[in-house]
>>> print(open('upload21.cif').read())   # mmCIF, C-alpha atoms
data_model
#
loop_
_atom_site.label_atom_id
_atom_site.label_comp_id
_atom_site.auth_asym_id
_atom_site.auth_seq_id
_atom_site.Cartn_x
_atom_site.Cartn_y
_atom_site.Cartn_z
CA MET A 1433 101.54 45.81 92.94
CA ASN A 1434 100.42 45.05 96.47
CA VAL A 1435 100.10 48.55 97.89
CA GLU A 1436 99.46 47.33 101.45
CA LYS A 1437 103.07 46.19 101.73
CA ASP A 1438 104.67 49.17 100.07
CA HIS A 1439 107.26 50.53 102.51
CA ARG A 1440 108.66 53.27 100.30
CA PRO A 1441 108.44 56.81 101.68
CA ASP A 1442 105.69 59.04 100.23
CA GLU A 1443 108.23 61.15 98.39
CA ASP A 1444 109.61 58.14 96.46
CA ILE A 1445 106.10 57.01 95.55
CA VAL A 1446 105.23 60.47 94.25
CA LYS A 1447 108.43 60.53 92.20
CA SER A 1448 107.30 57.27 90.62
CA ILE A 1449 103.81 58.73 89.93
CA GLN A 1450 105.41 61.80 88.37
CA SER A 1451 107.40 59.54 86.07
CA GLY A 1452 104.18 57.91 84.86
CA VAL A 1453 103.41 54.97 87.20
CA ALA A 1454 99.81 56.06 87.87
CA ALA A 1455 98.97 52.85 89.79
CA ASP A 1456 101.22 54.05 92.61
CA PHE A 1457 98.69 56.76 93.32
CA GLY A 1458 96.63 54.00 94.97
CA VAL A 1459 99.28 53.77 97.70
CA ILE A 1460 98.85 57.45 98.43
CA VAL A 1461 95.06 57.05 98.60
CA ASP A 1462 95.50 54.10 100.97
CA ARG A 1463 97.81 56.04 103.25
CA TYR A 1464 95.90 59.29 103.43
CA GLU A 1465 92.19 58.57 102.93
CA GLU A 1466 91.40 58.00 106.61
CA LYS A 1467 93.68 60.82 107.77
CA LEU A 1468 92.02 63.31 105.44
CA LYS A 1469 88.56 62.12 106.41
CA ARG A 1470 89.44 62.58 110.09
CA TYR A 1471 90.85 66.04 109.36
CA GLY A 1472 87.67 66.99 107.47
CA ARG A 1473 85.35 65.47 110.09
CA LYS A 1474 86.95 67.53 112.84
CA PHE A 1475 87.52 70.72 110.87
CA LEU A 1476 84.13 70.97 109.13
CA LYS A 1477 80.93 71.44 111.04
CA ASP A 1478 78.88 70.08 108.18
CA LYS A 1479 80.15 66.58 107.47
CA GLU A 1480 77.93 65.99 104.45
CA ASP A 1481 79.78 65.22 101.19
CA LEU A 1482 82.99 64.58 103.13
CA LYS A 1483 83.72 61.46 101.10
CA ASP A 1484 83.28 63.38 97.84
CA MET A 1485 85.48 66.16 99.15
CA VAL A 1486 88.26 63.73 100.08
CA GLN A 1487 87.99 62.21 96.60
CA ASP A 1488 88.28 65.74 95.15
CA ILE A 1489 91.42 66.27 97.23
CA PHE A 1490 93.05 63.17 95.71
CA ILE A 1491 91.93 64.09 92.19
CA ARG A 1492 93.29 67.62 92.56
CA ALA A 1493 96.51 66.19 94.00
CA TYR A 1494 96.89 63.88 91.02
CA GLN A 1495 96.21 66.67 88.52
CA ASN A 1496 98.80 68.90 90.17
CA ILE A 1497 101.32 66.24 91.11
CA GLN A 1498 103.95 67.66 88.71
CA SER A 1499 104.01 70.86 90.77
CA TYR A 1500 105.17 68.93 93.84
CA ASP A 1501 108.88 69.13 94.59
CA PRO A 1502 110.04 65.65 95.76
CA GLY A 1503 112.81 67.36 97.74
CA LEU A 1504 110.15 68.51 100.22
CA ARG A 1505 107.86 66.48 102.48
CA PHE A 1506 104.76 65.25 100.69
CA SER A 1507 102.18 65.31 103.49
CA PRO A 1508 102.11 69.13 104.00
CA TRP A 1509 101.64 69.50 100.23
CA LEU A 1510 98.63 67.17 100.29
CA TYR A 1511 97.19 68.73 103.43
CA ARG A 1512 97.52 72.14 101.78
CA ILE A 1513 95.21 70.95 98.98
CA ALA A 1514 92.82 69.54 101.60
CA HIS A 1515 92.90 72.84 103.51
CA ASN A 1516 92.01 74.79 100.34
CA ILE A 1517 89.09 72.49 99.52
CA PHE A 1518 87.75 72.57 103.08
CA ILE A 1519 88.12 76.36 103.28
CA ASP A 1520 86.21 76.72 99.99
CA LYS A 1521 83.43 74.60 101.49
CA ILE A 1522 83.34 76.73 104.68
CA LYS A 1523 83.29 79.93 102.61
CA LYS A 1524 80.43 78.64 100.47
CA GLU A 1525 78.34 77.71 103.46
CA SER A 1526 79.18 80.55 105.78
CA ARG A 1527 76.81 83.52 105.81
CA SER A 1528 79.60 85.69 107.17
CA PRO A 1529 82.56 85.07 104.84
CA LEU A 1530 86.04 84.67 106.30
CA SER A 1531 87.61 88.07 106.84
CA PHE A 1532 89.76 89.53 104.05
CA VAL A 1533 92.49 90.63 106.45
CA ASP A 1534 93.59 88.07 109.00
CA PHE A 1535 95.01 90.08 111.88
CA ASP A 1536 96.86 87.02 113.22
CA VAL A 1537 99.26 87.15 110.27
CA LEU A 1538 99.85 90.93 110.41
CA LEU A 1539 102.47 90.96 113.15
CA SER A 1540 105.14 88.50 114.23
CA HIS A 1541 104.42 86.38 117.29
CA PRO A 1542 106.94 84.56 119.45
CA VAL A 1543 107.07 80.86 118.64
CA TYR A 1544 106.36 78.82 121.73
CA ASP A 1545 106.14 75.16 120.96
CA ASP A 1546 104.83 73.11 123.88
CA ARG A 1547 106.19 69.85 122.58
CA ASP A 1548 106.98 68.64 126.09
CA LYS A 1549 103.41 68.43 127.24
CA SER A 1550 102.55 65.65 129.62
CA GLU A 1551 100.40 62.65 128.72
CA ALA A 1552 97.75 63.91 131.14
CA GLU A 1553 97.64 67.27 129.37
CA MET A 1554 97.35 65.53 126.01
CA ALA A 1555 94.50 63.38 127.31
CA GLU A 1556 92.73 66.46 128.66
CA MET A 1557 93.24 68.18 125.34
CA ARG A 1558 91.83 65.22 123.41
CA GLN A 1559 88.82 65.20 125.68
CA MET A 1560 88.25 68.90 125.08
CA ILE A 1561 88.61 68.38 121.34
CA GLU A 1562 86.11 65.53 121.44
CA HIS A 1563 83.50 67.57 123.28
CA SER A 1564 83.90 71.17 122.29
CA LEU A 1565 85.81 71.52 119.03
CA ASP A 1566 82.74 72.44 116.98
CA ALA A 1567 82.12 75.43 119.24
CA ILE A 1568 85.29 77.34 118.34
CA GLU A 1569 86.24 79.37 115.25
CA PRO A 1570 87.38 77.40 112.17
CA LYS A 1571 90.84 79.01 112.10
CA TYR A 1572 91.53 77.81 115.65
CA ARG A 1573 89.76 74.51 115.09
CA GLU A 1574 92.00 73.70 112.14
CA VAL A 1575 95.38 74.19 113.88
CA ILE A 1576 94.17 72.18 116.85
CA VAL A 1577 93.16 69.29 114.58
CA LEU A 1578 96.43 69.41 112.66
CA TYR A 1579 98.60 69.64 115.77
CA TYR A 1580 96.86 67.43 118.32
CA LEU A 1581 95.12 64.87 116.13
CA GLU A 1582 97.30 64.70 113.04
CA GLU A 1583 100.46 65.44 115.07
CA ILE A 1584 101.92 67.68 112.39
CA PRO A 1585 104.77 69.95 113.60
CA TYR A 1586 104.43 73.74 113.69
CA LYS A 1587 106.59 74.39 110.63
CA GLU A 1588 104.57 72.02 108.46
CA ILE A 1589 101.27 73.45 109.71
CA ALA A 1590 102.65 76.88 108.75
CA ASP A 1591 103.30 75.54 105.23
CA ILE A 1592 99.86 73.95 104.99
CA LEU A 1593 98.08 77.14 106.02
CA SER A 1594 100.60 79.54 104.36
CA ILE A 1595 101.04 81.50 107.57
CA PRO A 1596 104.09 82.38 109.72
CA VAL A 1597 105.16 79.76 112.29
CA GLY A 1598 104.52 82.26 115.11
CA THR A 1599 100.91 82.57 113.97
CA VAL A 1600 100.49 78.79 114.30
CA GLY A 1601 101.62 79.07 117.92
CA ILE A 1602 99.30 81.97 118.72
CA ARG A 1603 96.33 80.24 117.08
CA LEU A 1604 97.00 77.07 119.04
CA LYS A 1605 97.14 79.01 122.28
CA ARG A 1606 93.94 80.92 121.49
CA GLY A 1607 92.27 77.71 120.32
CA ARG A 1608 93.17 75.94 123.58
CA ASP A 1609 91.89 78.91 125.61
CA ALA A 1610 88.66 78.94 123.61
CA LEU A 1611 88.22 75.20 124.14
CA LYS A 1612 88.77 75.60 127.88
CA LYS A 1613 86.19 78.39 128.00
CA VAL A 1614 83.63 76.27 126.19
CA MET A 1615 84.35 73.31 128.48
CA ASP A 1616 84.01 75.49 131.60
CA LYS A 1617 80.79 77.00 130.30
CA ASN A 1618 79.35 73.57 129.62
CA LYS A 1619 80.52 72.28 133.01
CA TYR A 1620 78.97 75.13 134.99
CA GLY A 1621 75.91 75.13 132.75
CA ASN A 1622 75.26 71.51 133.62
CA GLU A 1623 75.78 71.96 137.35
CA MET B 166 82.92 44.31 110.87
CA GLU B 167 83.73 47.99 110.99
CA THR B 168 87.25 47.26 109.79
CA ASN B 169 85.82 45.41 106.83
CA ASN B 170 83.60 48.37 106.04
CA HIS B 171 86.62 50.66 106.27
CA THR B 172 88.62 48.52 103.89
CA GLU B 173 85.67 48.31 101.53
CA LYS B 174 85.15 52.10 101.54
CA ASN B 175 88.89 52.58 101.12
CA THR B 176 88.99 50.27 98.12
CA ASP B 177 85.91 52.00 96.71
CA MET B 178 87.58 55.38 96.67
CA LYS B 179 90.94 54.07 95.50
CA ASP B 180 89.37 52.04 92.68
CA ASN B 181 87.17 54.94 91.70
CA ILE B 182 90.14 57.30 91.45
CA LEU B 183 92.37 54.81 89.66
CA THR B 184 89.57 54.05 87.18
CA LYS B 185 89.18 57.76 86.46
CA ILE B 186 92.94 57.97 85.89
CA THR B 187 93.01 54.89 83.63
CA ASP B 188 89.99 56.13 81.66
CA LYS B 189 91.77 59.49 81.22
CA GLU B 190 88.89 61.26 82.95
CA VAL B 191 91.53 62.70 85.24
CA SER B 192 94.98 63.56 83.95
CA MET B 193 98.17 65.14 85.25
CA ARG B 194 98.86 68.68 84.23
CA PRO B 195 102.26 68.88 82.51
CA LYS B 196 105.24 70.54 84.21
CA MET B 197 105.11 73.26 81.56
CA TYR B 198 101.69 74.32 82.91
CA PHE B 199 103.16 75.02 86.35
CA THR B 200 106.25 76.70 84.92
CA THR B 201 104.03 78.99 82.83
CA LYS B 202 101.83 79.69 85.85
CA PHE B 203 104.92 80.62 87.88
CA VAL B 204 106.22 82.91 85.13
CA VAL B 205 102.79 84.58 84.83
CA LEU B 206 102.67 85.06 88.61
CA CYS B 207 106.17 86.62 88.65
CA SER B 208 105.28 88.87 85.70
CA LEU B 209 102.09 89.96 87.45
CA VAL B 210 104.06 90.80 90.60
CA VAL B 211 106.56 92.87 88.59
CA PHE B 212 103.76 94.56 86.62
CA ILE B 213 101.80 95.54 89.75
CA LEU B 214 104.99 96.76 91.43
CA LEU B 215 105.84 98.95 88.43
CA LEU B 216 102.23 100.17 88.19
CA SER B 217 102.26 101.08 91.85
CA ILE B 218 105.56 102.98 91.52
CA PHE B 219 104.21 104.75 88.42
CA VAL B 220 101.02 105.82 90.23
CA VAL B 221 103.03 107.17 93.19
CA SER B 222 105.33 109.09 90.87
CA ILE B 223 102.25 110.54 89.11
CA ILE B 224 100.84 111.65 92.48
CA PHE B 225 104.09 113.47 93.34
CA PHE B 226 104.28 114.88 89.82
CA SER B 227 100.70 116.13 89.95
CA LEU B 228 101.34 117.85 93.31
CA ARG B 229 104.51 119.39 91.90
CA VAL B 230 103.15 120.71 88.59
CA SER B 231 99.87 121.91 90.06
CA GLY B 232 101.76 123.63 92.87
CA HIS B 233 99.45 122.10 95.48
CA ALA B 234 102.43 120.86 97.47
CA LEU B 235 103.03 124.57 98.31
CA LEU B 236 99.79 124.62 100.30
CA PHE B 237 101.64 123.09 103.24
CA GLY B 238 103.34 126.44 103.72
CA PHE B 239 99.97 128.29 103.93
CA GLY B 240 99.03 127.40 107.49
CA PHE B 241 96.13 125.31 108.75
CA GLN B 242 93.76 126.46 105.99
CA GLY B 243 96.42 125.52 103.46
CA VAL B 244 96.67 122.00 104.87
CA ILE B 245 92.87 121.61 104.73
CA LEU B 246 92.89 122.85 101.13
CA PHE B 247 95.74 120.46 100.32
CA LEU B 248 93.69 117.55 101.67
CA LYS B 249 90.72 118.68 99.55
CA LEU B 250 92.81 118.91 96.39
CA PHE B 251 94.92 115.78 96.97
CA PRO B 252 94.53 113.18 94.19
CA TRP B 253 92.85 110.61 96.42
CA ILE B 254 91.72 108.33 93.57
CA PRO B 255 95.26 107.48 92.39
CA LEU B 256 96.22 106.95 96.02
CA ALA B 257 93.28 104.54 96.47
CA VAL B 258 94.35 102.75 93.28
CA ASP B 259 97.86 102.47 94.69
CA ILE B 260 96.70 101.11 98.04
CA VAL B 261 94.62 98.46 96.25
CA ALA B 262 97.65 97.63 94.08
CA ILE B 263 99.87 97.27 97.17
CA PHE B 264 97.36 94.94 98.87
CA LEU B 265 97.07 92.91 95.68
CA LEU B 266 100.84 92.76 95.45
CA ALA B 267 101.14 91.57 99.07
CA LYS B 268 98.48 88.92 98.40
CA LEU B 269 100.33 87.68 95.32
CA LEU B 270 103.69 87.73 97.09
CA ARG B 271 102.24 85.51 99.82
CA LYS B 272 102.04 82.70 97.29
CA PHE B 273 105.83 82.47 97.62
CA THR B 274 107.10 80.37 100.55
CA PHE B 275 109.78 82.86 101.58
CA VAL B 276 107.09 85.54 101.93
CA TYR B 277 104.21 83.82 103.75
CA ARG B 278 106.57 82.58 106.46
CA ARG B 279 106.96 86.19 107.51
CA PRO B 280 104.28 88.48 109.05
CA LEU B 281 102.17 90.57 106.68
CA LEU B 282 102.53 94.03 108.18
CA PRO B 283 106.30 94.44 107.66
CA LEU B 284 105.77 93.20 104.09
CA LEU B 285 103.06 95.80 103.45
CA VAL B 286 105.23 98.54 104.98
CA LEU B 287 108.23 97.41 102.91
CA VAL B 288 106.25 97.41 99.66
CA PHE B 289 104.71 100.79 100.53
CA VAL B 290 108.09 102.36 101.36
CA LEU B 291 109.60 100.85 98.21
CA CYS B 292 106.82 102.24 96.00
CA VAL B 293 106.71 105.68 97.64
CA GLY B 294 110.51 106.01 97.75
CA THR B 295 111.02 104.93 94.15
CA GLY B 296 108.06 107.02 92.94
CA LEU B 297 109.41 110.11 94.71
CA LEU B 298 112.91 109.46 93.39
CA ILE B 299 111.64 109.12 89.82
CA ASP B 300 109.74 112.39 90.08
CA ARG B 301 112.38 114.45 91.86
CA ALA B 302 115.65 112.97 90.62
CA THR B 303 114.80 112.33 86.97
CA ASP B 304 112.97 114.36 84.34
CA LEU B 305 110.99 111.35 83.15
CA ASN B 306 107.60 112.77 84.13
CA ASP B 307 108.38 116.19 82.65
CA THR B 308 109.54 114.60 79.40
CA LEU B 309 106.44 112.43 79.22
CA LEU B 310 104.22 115.45 79.95
CA ASP B 311 105.99 117.31 77.15
CA ASN B 312 105.38 114.35 74.84
CA ALA B 313 101.71 114.27 75.91
CA ASN B 314 101.39 117.98 75.12
CA HIS B 315 102.84 117.34 71.66
CA ASN B 316 100.59 114.31 71.07
CA LYS B 317 103.60 112.02 71.08
CA LEU B 318 102.41 109.89 73.98
CA PRO B 319 99.84 107.13 73.44
CA LYS B 320 96.66 106.85 75.47
CA PRO B 321 96.05 106.20 78.35
CA PHE B 322 99.43 107.69 79.37
CA SER B 323 98.73 111.00 77.61
CA SER B 324 95.42 111.34 79.52
CA VAL B 325 97.18 110.58 82.80
CA TYR B 326 99.80 113.28 82.25
CA GLU B 327 97.29 115.83 80.93
CA GLY B 328 95.12 115.12 83.98
CA ALA B 329 98.07 115.57 86.32
CA ASN B 330 98.87 118.93 84.75
CA ARG B 331 95.28 120.19 84.64
CA LEU B 332 95.01 123.58 86.26
CA SER B 333 92.52 124.03 89.02
CA ARG B 334 89.61 126.27 88.20
CA PRO B 335 89.58 129.63 90.01
CA ARG B 336 86.55 128.71 92.07
CA SER B 337 88.45 125.88 93.69
CA TRP B 338 90.39 128.42 95.77
CA VAL B 339 93.68 128.04 93.93
CA CYS B 340 94.93 129.56 90.72
CA ARG B 341 98.15 129.76 88.80
CA CYS B 342 98.20 133.32 87.65
CA GLN B 343 100.49 135.81 85.94
CA VAL B 344 101.05 139.26 87.41
CA VAL B 345 99.90 142.00 85.01
CA SER B 346 100.20 145.01 87.30
CA ILE B 347 101.26 145.81 90.85
CA GLY B 348 99.79 148.46 93.16
CA THR B 349 100.66 149.44 96.74
CA ASP B 350 98.87 146.60 98.46
CA THR B 351 97.26 144.80 95.56
CA MET B 352 98.18 143.04 92.33
CA ILE B 353 96.20 142.37 89.21
CA VAL B 354 96.70 138.84 88.01
CA VAL B 355 95.37 136.79 85.12
CA ASP B 356 94.65 133.10 85.26
CA THR B 357 97.17 131.60 82.84
CA LYS B 358 94.75 129.05 81.52
CA LEU B 359 91.53 131.01 81.27
CA GLY B 360 93.02 134.32 80.10
CA PHE B 361 91.63 137.86 80.53
CA GLU B 362 88.11 136.67 81.33
CA ASN B 363 89.54 135.67 84.67
CA THR B 364 91.39 138.63 85.99
CA PHE B 365 91.66 139.00 89.74
CA THR B 366 92.63 141.70 92.13
CA VAL B 367 94.77 140.07 94.75
CA PHE B 368 95.27 141.63 98.15
CA LEU B 369 98.65 140.88 99.61
CA PRO B 370 98.76 138.46 102.52
CA ASP B 371 98.47 139.87 106.02
CA ASP B 372 101.77 138.32 107.05
CA LEU B 373 103.68 140.55 104.63
CA PRO B 374 105.58 143.12 106.79
CA VAL B 375 104.12 146.62 106.58
CA GLY B 376 106.05 148.83 104.16
CA SER B 377 107.90 145.95 102.58
CA VAL B 378 108.37 145.88 98.84
CA ILE B 379 106.01 143.52 97.05
CA PRO B 380 108.30 140.63 96.25
CA PHE B 381 106.85 139.99 92.80
CA SER B 382 107.27 141.63 89.42
CA VAL B 383 104.99 142.02 86.42
CA GLY B 384 105.10 138.84 84.37
CA ASP B 385 105.81 136.55 87.36
CA LEU B 386 103.88 133.32 87.56
CA LEU B 387 102.26 132.85 90.95
CA TYR B 388 100.46 130.14 92.82
CA ILE B 389 97.68 131.83 94.76
CA ALA B 390 95.38 130.15 97.26
CA GLY B 391 92.35 131.93 98.65
CA PRO B 392 88.61 132.34 98.13
CA PRO B 393 87.77 134.33 94.95
CA HIS B 394 84.84 136.73 95.43
CA ASP B 395 83.65 139.09 92.68
CA GLY B 396 87.07 139.08 91.07
CA VAL B 397 88.90 139.75 94.33
CA ILE B 398 91.11 137.27 96.17
CA HIS B 399 92.15 137.61 99.78
CA PRO B 400 94.85 134.96 99.65
CA ILE B 401 95.81 132.61 102.43
CA GLY B 402 99.16 132.30 100.68
CA ILE B 403 101.10 133.19 97.54
CA ARG B 404 104.20 131.56 96.14
CA ALA B 405 106.14 132.32 92.98
CA LEU B 406 106.46 129.63 90.34
CA GLU B 407 109.37 129.13 87.99
CA PRO B 408 108.89 130.64 84.52
CA ASP B 409 107.96 127.24 83.10
CA GLY B 410 105.14 126.99 85.62
CA GLN B 411 106.92 124.56 87.93
CA MET B 412 106.89 125.31 91.61
CA MET B 413 109.86 126.68 93.44
CA PHE B 414 110.67 124.91 96.61
CA ALA B 415 112.40 127.80 98.29
CA PRO B 416 109.95 130.14 100.05
CA GLN B 417 109.71 133.66 98.60
#
>>> encode(input="upload21.cif", output="structure tokens")
Amino acid sequence: MNVEKDHRPDEDIVKSIQSGVAADFGVIVDRYEEKLKRYGRKFLKDKEDLKDMVQDIFIRAYQNIQSYDPGLRFSPWLYRIAHNIFIDKIKKESRSPLSFVDFDVLLSHPVYDDRDKSEAEMAEMRQMIEHSLDAIEPKYREVIVLYYLEEIPYKEIADILSIPVGTVGIRLKRGRDALKKVMDKNKYGNE
Amino acid sequence: METNNHTEKNTDMKDNILTKITDKEVSMRPKMYFTTKFVVLCSLVVFILLLSIFVVSIIFFSLRVSGHALLFGFGFQGVILFLKLFPWIPLAVDIVAIFLLAKLLRKFTFVYRRPLLPLLVLVFVLCVGTGLLIDRATDLNDTLLDNANHNKLPKPFSSVYEGANRLSRPRSWVCRCQVVSIGTDTMIVVDTKLGFENTFTVFLPDDLPVGSVIPFSVGDLLYIAGPPHDGVIHPIGIRALEPDGQMMFAPQ
């Protein structure tokens, strides 16, 4: 099968894999390898072994493919596996482990989705991400990557990270503020 | 050139994965595996919920049978004593269980989409409410204690109930005593567990109106809190217990 020309939606391809057509898994690898590498490159500070990690993501996805419900969107399911593998890597390498209680998920936050942002704002945001993303906390870094670079909507990010939708919004806002602070600091530091 | 490299890398990974699949190095887990995992997760949630409710009901039961709940009526010193005698370890176990329960529940989509604090509060209220209801509205704990006393309850439940019913030693400032004689402003009482080796002279509390009749009779079971010194207790509070040793809720 020529996977390059496969126009079926992900969900149909996964249904076919679940029914035993293992070769179709190649289409999934084709579609998501670069996306997952980009997600990992931006989310992880240490980019070593990224290729191996992305391969692990696909292998884990294949092993657990029967747990996927084809009635739901496939990409959040795959990104969830990627998130778990990347978080494990951060935990292993971090001297100060991620906190047991995440205070962002304790209370409900109002959901403010700034979908109508201007192109100029988006460009500014991309510039900030390019220059300062590594300087902010992983939990803020991750939502920024998923939202601005992968263009995944709030609800799906909430499913990927297993957090309330309001928490996605608050993390994005805090992440943007942190990025701005870093940018300002760098700007004034250079002057 | 870069595009070619990309395609090459892409093919590398894809081929590598597909080869592993074809060679059976990597295989799909069957649906049954996930169904079993889900059932185990649900069972674990139910088990921890029941355990948590059981622990709460044991805490209430222990406070009831020991009479320590009465300490709240003995003023500030009584409250301090209550805090000292409170079964903190079961409470700590319960808090850990509730956190574990919340963590497990967050594996379910309908739970993680909501904030954690209301979930923790809901689980806590559910456990405390049900535990209290079981202890106060049913005689389950009393029946199980009775079974434990008659060696009809298997371990570790028998140990839990025996522990909950254990009487405090006199030196811990509280005793459950029986009145053996009554004087004008004192009573002689005997610790019901330790017998005549632990006989105390109890001065009546200062808040008892002068000239009032001592509101206890010989043979009454009392819960007395106060520092014992050379066989004499100046109590911070006394309350009568029911003949079976259970506390009375109505003040004397």
>>> interface_residues(input="upload21.cif", of="chain B", to="chain A", cutoff="8 Å", atoms="all atoms listed in the file", output="JSON, numbers by chain")
{"B": [175, 178, 179, 180, 182, 183, 186, 191, 192, 193, 194, 195, 196, 199, 271, 272, 274, 277, 278, 279, 280, 281, 282, 283]}
>>> closest_residue(input="upload21.cif", among="A:Asp1442, A:Arg1603, A:Glu1556, A:Asp1520", to="Tyr1586 in chain A", atoms="all atoms listed in the file")
A:Arg1603
>>> resolve_selection(input="upload21.cif", expression="the PyMOL selection byres ((chain A and resi 1441) around 12)", output="PyMOL selection string")
chain A and resi 1437-1440+1442-1448+1456+1459-1460+1463+1502+1504-1507
>>> atom_distance(input="upload21.cif", atom1="CA of Gly1607 in chain A", atom2="CA of Ile1568 in chain A")
7.3 Å
>>> closest_residue(input="upload21.cif", among="B:Leu250, B:Val204, B:Ala302, B:Met352", to="Ala234 in chain B", atoms="all atoms listed in the file")
B:Leu250
>>> atom_distance(input="upload21.cif", atom1="CA of Phe275 in chain B", atom2="CA of Ile299 in chain B")
28.8 Å
>>> atom_distance(input="upload21.cif", atom1="CA of Phe381 in chain B", atom2="CA of Ser227 in chain B")
24.8 Å
>>> resolve_selection(input="upload21.cif", expression="the PyMOL selection byres ((chain B and resi 233) around 9)", output="count of residues only")
17
>>> closest_residue(input="upload21.cif", among="A:His1563, A:Lys1467, A:Arg1573, A:Lys1521", to="Asp1481 in chain A", atoms="all atoms listed in the file")
A:Lys1521
>>> residues_around(input="upload21.cif", residues="Pro400 in chain B", least_positions_apart="6", cutoff="8 Å", atoms="only C-alpha atoms", output="ChimeraX atom specification")
/B:367-370,389-392
>>> resolve_selection(input="upload21.cif", expression="the PyMOL selection byres ((chain A and resi 1560) around 9)", output="list of chain:residue names")
A:Ala1555, A:Glu1556, A:Met1557, A:Arg1558, A:Gln1559, A:Ile1561, A:Glu1562, A:His1563, A:Ser1564, A:Leu1565, A:Arg1608, A:Leu1611, A:Lys1612, A:Val1614, A:Met1615
>>> write_last_selection(input="upload21.cif", atoms="C-alpha atoms", output="PDB file, keeping the file's coordinate frame")
ATOM      1  CA  ALA A1555      94.500  63.380 127.310  1.00  0.00           C
ATOM      2  CA  GLU A1556      92.730  66.460 128.660  1.00  0.00           C
ATOM      3  CA  MET A1557      93.240  68.180 125.340  1.00  0.00           C
ATOM      4  CA  ARG A1558      91.830  65.220 123.410  1.00  0.00           C
ATOM      5  CA  GLN A1559      88.820  65.200 125.680  1.00  0.00           C
ATOM      6  CA  ILE A1561      88.610  68.380 121.340  1.00  0.00           C
ATOM      7  CA  GLU A1562      86.110  65.530 121.440  1.00  0.00           C
ATOM      8  CA  HIS A1563      83.500  67.570 123.280  1.00  0.00           C
ATOM      9  CA  SER A1564      83.900  71.170 122.290  1.00  0.00           C
ATOM     10  CA  LEU A1565      85.810  71.520 119.030  1.00  0.00           C
ATOM     11  CA  ARG A1608      93.170  75.940 123.580  1.00  0.00           C
ATOM     12  CA  LEU A1611      88.220  75.200 124.140  1.00  0.00           C
ATOM     13  CA  LYS A1612      88.770  75.600 127.880  1.00  0.00           C
ATOM     14  CA  VAL A1614      83.630  76.270 126.190  1.00  0.00           C
ATOM     15  CA  MET A1615      84.350  73.310 128.480  1.00  0.00           C
TER      16      MET A1615
END
>>> residues_around(input="upload21.cif", residues="Leu386 in chain B", least_positions_apart="3", cutoff="6 Å", atoms="all atoms listed in the file", output="PyMOL selection string")
chain B and resi 342-343+405-406
>>> axis_aligned_box(input="upload21.cif", around="range 234-237 of chain B", padding_each_side="5 Å", output="lines of an AutoDock Vina configuration file")
center_x = 101.4
center_y = 122.7
center_z = 100.4
size_x = 13.2
size_y = 13.8
size_z = 15.8
